[in-house]
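Data first, discussion second: the structure below is written as structure tokens.
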Amino acid sequence: MSLKRDAQNFLTVIGSNKGIIYKVANSYCKDEENRKDLIQEIIIQLWLSFDKYDETYKLSTWMYRIALNVSISFYRKEHRRNEINQPLPDGILYLHEEHTGELNTEIDQLHQFIKELKEIDRAVILLYLEGNNQQEIAEILGLTMTNVSTKVSRIKQQLKEKFLTLKK
Amino acid sequence: MEDIEIINLWKSYDKKLEENLMLNKRNAEDITKMKVKSFLTSMTPLKVFTILIGILWIGFVDILMINLWSVASPFFLISAAILVLLNKLSIFIYLYQLILIHQVDISDPILATQEKLANLRSSTLWIARLLFLQLPVWTTFYLSETMFENGHIVFYIVQGILTFTFAYLAFWLFFNITYENRGKKWFRLIFNGKEWSPVMRSMELLSQIDEYRMENITANKNANL
């Protein structure tokens with residue numbers, strides 16, 4: 001069934017895939033204010049590309065590609081507010097309540113380790129953790145499946161070593 | 001920590017997000033009503049403007065050279081010709097950037113898109129190299145044969161030192177402004193403004209992409225064996 005390319009449908013698509021946008025932006029942007037701007041920029045680019053969405057690909061593939069391309073290219077440590085098209089006063093995506101507890105510490109550590117990876121490696125592991133299979137990761141990144149498999153194992157090893165060092 | 005533990009950790013984060021992540025529908029709706037341009041097309045007007053100014057400048061120097069061909073000193077003509085040539089090359093780089101902007105599709109696979117974007121940004125470094133290469137002609141265009149015929153020894157020395165220094169500096173910078181030298185003090189001194197940080201980041205990204213491409217080629221070769 002073909003997707004209607006109107007604003008209402010766009011909002012439904014964003015609503016049901018908001019996790020993708022947030023997780024990608026969070027992996028590439030530490031600072032909260034900058035992340036808010038990055039999320040806005042991703043949604044703007046999604047909206048501008050919405051009528052060109054190629055339905056031969058999964059909707060998530062299209063979203064990951066745009067979110068990752070925008071995040072890798074547009075991450076700035078500072079001055080983002082001046083560069084963004086029309087910054088909105090409030091965020092578009094926000095967390096209802098902050099997580100607490102031991103689990104949160106481990107998640108924070110995992111996030112920290114992911115953020116220490118190089119940009120493309122970060123995209124590979126993010127897509128892997130998100131449960132995408134090798135073919136999907138290869139399609140999103142533009143790599144061969146063999147390369148994806150090698151890269152995933154290598155990055156996973158790096159993460160494991162980081163956790164191991166932390167426990168010592 | 002084992003694979004499964006990392007995956008489970010991510011899943012628990014995912015679950016928490018699922019429960020807590022809210023969409024501000026009003027703000028999201030505002031985006032669909034905004035008159036915003038794609039970040040790439042918003043780069044186009046400045047590039048087109050620079051190209052137009054560049055063409056006007058080149059045209060002016062070209063006309064000057066044609067009109068003064070028979071009367072101008074060879075120093076002026078050669079200096080102007082070098083200046084025009086380098087500026088024409090810079091304009092070609094701007095045109096190349098416009099083509100890249102036109103070719104980039106943000107919904108294409110990450111590696112291909114990032115490569116185009118990184119090439120787009122890092123080509124700005126070429127413009128800087130060409131600009132520096134123009135340095136010596138600004139020390140020669142005013143010279144004439146009579147200045148040499150009636151010149152004082154001090155003039156020869158000062159002029160010689162000036163032109164040689166500028167030429168040496170220009171060629172040295174032209175050959176040394178490379179990504180490999182990004183860590184050097186002099187490099188950071190020239191390119192320390194925040195406007196240069198995306199260019200530097202793009203070059204770093206290009207080396208990551210190269211690494212992936214090489215591994216892709218190797219993986220393909222191994223698969224075919």
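Chain labels follow the order of the structure tokens: the first chain is A, the next B, and so on; residue numbering restarts at 1 in every chain, and ligands are counted from 1 in their shown order.
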Using only C-alpha atoms, I'd like every residue of chain B that has an atom within 8 Å of chain A; please write them out as a JSON list (two decimals) with C-alpha atoms, in the first residue's frame.
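Once written, selection.json looks like this:
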```json
[["chain", "number", "residue", "atom", "x", "y", "z"],
["B", 1, "MET", "CA", 30.35, -8.38, 29.49],
["B", 2, "GLU", "CA", 29.06, -10.83, 26.86],
["B", 3, "ASP", "CA", 27.28, -10.06, 23.56],
["B", 6, "ILE", "CA", 25.16, -5.79, 25.82],
["B", 7, "ILE", "CA", 22.12, -6.51, 23.64],
["B", 9, "LEU", "CA", 21.23, -3.70, 28.15],
["B", 10, "TRP", "CA", 20.29, -1.92, 24.92],
["B", 13, "TYR", "CA", 17.20, 1.17, 27.39],
["B", 14, "ASP", "CA", 14.88, 0.80, 24.44],
["B", 16, "LYS", "CA", 12.62, 2.71, 29.05],
["B", 17, "LEU", "CA", 12.60, 5.02, 26.03],
["B", 18, "GLU", "CA", 9.42, 3.45, 24.76],
["B", 20, "ASN", "CA", 9.18, 7.74, 28.56],
["B", 21, "LEU", "CA", 9.83, 9.30, 25.17],
["B", 22, "MET", "CA", 7.19, 11.85, 24.24],
["B", 23, "LEU", "CA", 6.58, 13.64, 20.98],
["B", 24, "ASN", "CA", 5.62, 17.29, 21.18],
["B", 25, "LYS", "CA", 3.03, 17.09, 18.40],
["B", 27, "ASN", "CA", 6.24, 21.46, 17.57],
["B", 28, "ALA", "CA", 6.46, 18.57, 15.12],
["B", 29, "GLU", "CA", 3.49, 19.99, 13.25],
["B", 31, "ILE", "CA", 8.01, 21.89, 11.22],
["B", 32, "THR", "CA", 5.68, 20.82, 8.45],
["B", 36, "VAL", "CA", 12.77, 25.76, 5.49],
["B", 37, "LYS", "CA", 15.31, 24.83, 2.88],
["B", 38, "SER", "CA", 17.35, 21.67, 2.88],
["B", 106, "ILE", "CA", 20.49, 12.68, 2.30],
["B", 107, "SER", "CA", 18.45, 9.47, 2.08],
["B", 108, "ASP", "CA", 21.21, 7.62, 0.19],
["B", 109, "PRO", "CA", 23.44, 5.09, 2.00],
["B", 110, "ILE", "CA", 25.64, 6.61, 4.70],
["B", 111, "LEU", "CA", 29.07, 5.94, 3.19],
["B", 112, "ALA", "CA", 28.28, 7.37, -0.25],
["B", 113, "THR", "CA", 26.55, 10.45, 1.17],
["B", 114, "GLN", "CA", 29.20, 11.14, 3.77],
["B", 117, "LEU", "CA", 29.69, 15.73, 1.92],
["B", 205, "LEU", "CA", 35.75, 11.31, 8.14],
["B", 208, "GLN", "CA", 37.44, 6.61, 8.03],
["B", 209, "ILE", "CA", 35.51, 6.13, 4.76],
["B", 215, "GLU", "CA", 37.99, -3.34, 3.85],
["B", 216, "ASN", "CA", 35.01, -3.61, 1.48],
["B", 219, "ALA", "CA", 36.06, -8.55, 1.68],
["B", 220, "ASN", "CA", 34.83, -8.69, -1.93]]
```
Could you give me, as a PDB file with C-alpha atoms, in the first residue's frame, the residues within 8 Å of Ile114 in chain A, counting only C-alpha atoms and dropping anything in the same chain fewer than 6 positions from it?
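Saved file selection32.pdb follows:
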```pdb
ATOM      1  CA  SER A  27      24.576   8.721  20.056  1.00  0.00           C
ATOM      2  CA  ARG A 122      29.152   4.215  15.886  1.00  0.00           C
ATOM      3  CA  ILE A 125      27.016  -0.745  16.291  1.00  0.00           C
ATOM      4  CA  LEU A 159      32.986  -2.642  23.685  1.00  0.00           C
TER       5      LEU A 159
END
```
Practice problem: Have a look at CA of Arg121 in chain B and CA of Val199 in chain B and let me know their distance in Å, one decimal. | Solution: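 That distance, rounded to one decimal, is 5.1 Å.
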Quiz item: What does the distance between CA of Ser71 in chain A and CA of Ile177 in chain B come to in Å, to one decimal place?
Solution: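 The value is 27.6 Å.
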Quiz item: Do you have the CA of Ser73 in chain B-CA of Leu133 in chain B distance handy?
Solution: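 Here the two named atoms are 21.6 Å from each other.
Counting only C-alpha atoms, the residue from B:Leu98, B:Leu169, B:Met65, B:Ala72 that sits nearest to Thr50 in chain B is B:Leu98.
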Enumerate, as a CSV table (one decimal) with N, CA and C atoms, in the first residue's frame, the complete set of residues in range 135-171 of chain B that a backbone-based DSSP assignment places in helix (DSSP H, G or I).
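The result, stored in out-v8.csv:
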```csv
chain,number,residue,atom,x,y,z
B,135,LEU,N,50.1,34.6,-3.5
B,135,LEU,CA,50.9,35.6,-2.7
B,135,LEU,C,52.0,36.3,-3.5
B,136,PRO,N,52.9,35.6,-4.2
B,136,PRO,CA,54.0,36.2,-4.9
B,136,PRO,C,53.7,37.2,-5.9
B,137,VAL,N,52.5,37.0,-6.6
B,137,VAL,CA,52.2,37.9,-7.7
B,137,VAL,C,51.9,39.3,-7.2
B,138,TRP,N,51.5,39.4,-5.9
B,138,TRP,CA,51.2,40.7,-5.4
B,138,TRP,C,52.5,41.5,-5.1
B,139,THR,N,53.6,40.9,-5.2
B,139,THR,CA,54.9,41.5,-5.1
B,139,THR,C,55.6,41.8,-6.4
B,145,GLU,N,60.3,47.5,-16.3
B,145,GLU,CA,61.7,47.4,-16.8
B,145,GLU,C,62.5,48.6,-16.3
B,146,THR,N,61.9,49.8,-16.4
B,146,THR,CA,62.6,51.0,-16.0
B,146,THR,C,63.0,51.0,-14.5
B,147,MET,N,62.2,50.4,-13.7
B,147,MET,CA,62.5,50.3,-12.3
B,147,MET,C,63.8,49.5,-12.1
B,148,PHE,N,64.0,48.5,-13.0
B,148,PHE,CA,65.3,47.7,-12.9
B,148,PHE,C,66.5,48.5,-13.5
B,149,GLU,N,66.2,49.2,-14.6
B,149,GLU,CA,67.3,50.0,-15.2
B,149,GLU,C,67.8,51.0,-14.3
B,153,ILE,N,70.6,49.5,-5.6
B,153,ILE,CA,70.9,48.2,-5.1
B,153,ILE,C,70.0,47.8,-3.9
B,154,VAL,N,69.6,48.8,-3.1
B,154,VAL,CA,68.7,48.5,-2.0
B,154,VAL,C,67.4,48.0,-2.5
B,155,PHE,N,66.9,48.6,-3.6
B,155,PHE,CA,65.6,48.2,-4.2
B,155,PHE,C,65.7,46.8,-4.7
B,156,TYR,N,66.8,46.4,-5.3
B,156,TYR,CA,67.0,45.0,-5.8
B,156,TYR,C,66.9,44.0,-4.6
B,157,ILE,N,67.7,44.4,-3.6
B,157,ILE,CA,67.7,43.5,-2.4
B,157,ILE,C,66.3,43.3,-1.8
B,158,VAL,N,65.7,44.5,-1.5
B,158,VAL,CA,64.4,44.4,-0.8
B,158,VAL,C,63.4,43.7,-1.7
B,159,GLN,N,63.4,44.0,-3.0
B,159,GLN,CA,62.4,43.4,-3.9
B,159,GLN,C,62.7,41.9,-4.0
B,160,GLY,N,63.9,41.6,-4.1
B,160,GLY,CA,64.3,40.2,-4.2
B,160,GLY,C,63.9,39.4,-3.0
B,161,ILE,N,64.2,39.9,-1.8
B,161,ILE,CA,63.9,39.2,-0.6
B,161,ILE,C,62.4,39.1,-0.5
B,162,LEU,N,61.7,40.2,-0.8
B,162,LEU,CA,60.2,40.1,-0.7
B,162,LEU,C,59.6,39.1,-1.6
B,163,THR,N,60.0,39.1,-2.8
B,163,THR,CA,59.4,38.2,-3.8
B,163,THR,C,59.8,36.7,-3.5
B,164,PHE,N,61.0,36.5,-3.1
B,164,PHE,CA,61.5,35.2,-2.8
B,164,PHE,C,60.8,34.6,-1.6
B,165,THR,N,60.7,35.5,-0.5
B,165,THR,CA,60.0,35.0,0.7
B,165,THR,C,58.5,34.7,0.4
B,166,PHE,N,57.8,35.5,-0.3
B,166,PHE,CA,56.4,35.3,-0.6
B,166,PHE,C,56.3,34.0,-1.5
B,167,ALA,N,57.2,33.9,-2.5
B,167,ALA,CA,57.1,32.7,-3.4
B,167,ALA,C,57.4,31.4,-2.6
B,168,TYR,N,58.4,31.5,-1.7
B,168,TYR,CA,58.8,30.3,-0.9
B,168,TYR,C,57.6,29.9,0.0
B,169,LEU,N,57.0,30.9,0.7
B,169,LEU,CA,55.9,30.7,1.6
B,169,LEU,C,54.7,30.1,0.9
B,170,ALA,N,54.5,30.7,-0.3
B,170,ALA,CA,53.3,30.3,-1.1
B,170,ALA,C,53.4,28.8,-1.5
B,171,PHE,N,54.6,28.4,-2.0
B,171,PHE,CA,54.7,27.0,-2.4
B,171,PHE,C,54.8,26.1,-1.2
```
Quiz item: Which of these residues is nearest to Trp69 in chain B, using only C-alpha atoms: B:Ala81, B:Tyr96, B:Asp210, B:Phe187?
Solution: B:Ala81
Quiz item: Between B:Ile51, B:Ala118, B:Leu143, B:Leu125, which has the minimum distance to Phe175 in chain B (counting only C-alpha atoms)?
Solution: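 Between B:Ile51, B:Ala118, B:Leu143, B:Leu125, the residue approaching Phe175 in chain B most closely is B:Leu125.
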Spatial neighbours of Glu180 in chain B, 12 Å, only C-alpha atoms, chain gap at least 3 places, as a short mmCIF file (atom, residue, chain, number, x, y, z; two decimals) with N, CA and C atoms, in the first residue's frame:
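Result saved to around.cif:
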```
data_model
loop_
_atom_site.label_atom_id
_atom_site.label_comp_id
_atom_site.auth_asym_id
_atom_site.auth_seq_id
_atom_site.Cartn_x
_atom_site.Cartn_y
_atom_site.Cartn_z
N PHE B 175 52.05 23.07 -0.73
CA PHE B 175 52.37 21.64 -0.62
C PHE B 175 52.16 21.07 0.78
N ASN B 176 52.14 21.94 1.78
CA ASN B 176 52.05 21.44 3.15
C ASN B 176 50.67 21.55 3.80
N ILE B 177 49.76 22.30 3.16
CA ILE B 177 48.41 22.35 3.73
C ILE B 177 47.71 21.04 3.36
N GLY B 183 47.89 18.47 12.68
CA GLY B 183 48.26 18.57 14.08
C GLY B 183 49.37 19.60 14.33
N LYS B 184 50.02 20.05 13.24
CA LYS B 184 51.16 20.97 13.40
C LYS B 184 50.68 22.34 13.90
N PHE B 187 49.73 24.93 11.28
CA PHE B 187 48.47 24.57 10.61
C PHE B 187 47.30 25.02 11.47
N MET B 200 37.99 20.23 8.86
CA MET B 200 38.92 19.29 9.49
C MET B 200 38.22 17.97 9.81
N MET B 203 37.73 15.84 6.78
CA MET B 203 38.92 15.13 6.32
C MET B 203 39.16 13.89 7.18
N GLU B 204 38.86 14.00 8.44
CA GLU B 204 39.01 12.86 9.35
C GLU B 204 38.01 11.77 8.93
N SER B 207 39.08 9.81 5.89
CA SER B 207 40.03 8.73 6.15
C SER B 207 39.31 7.50 6.72
#
```
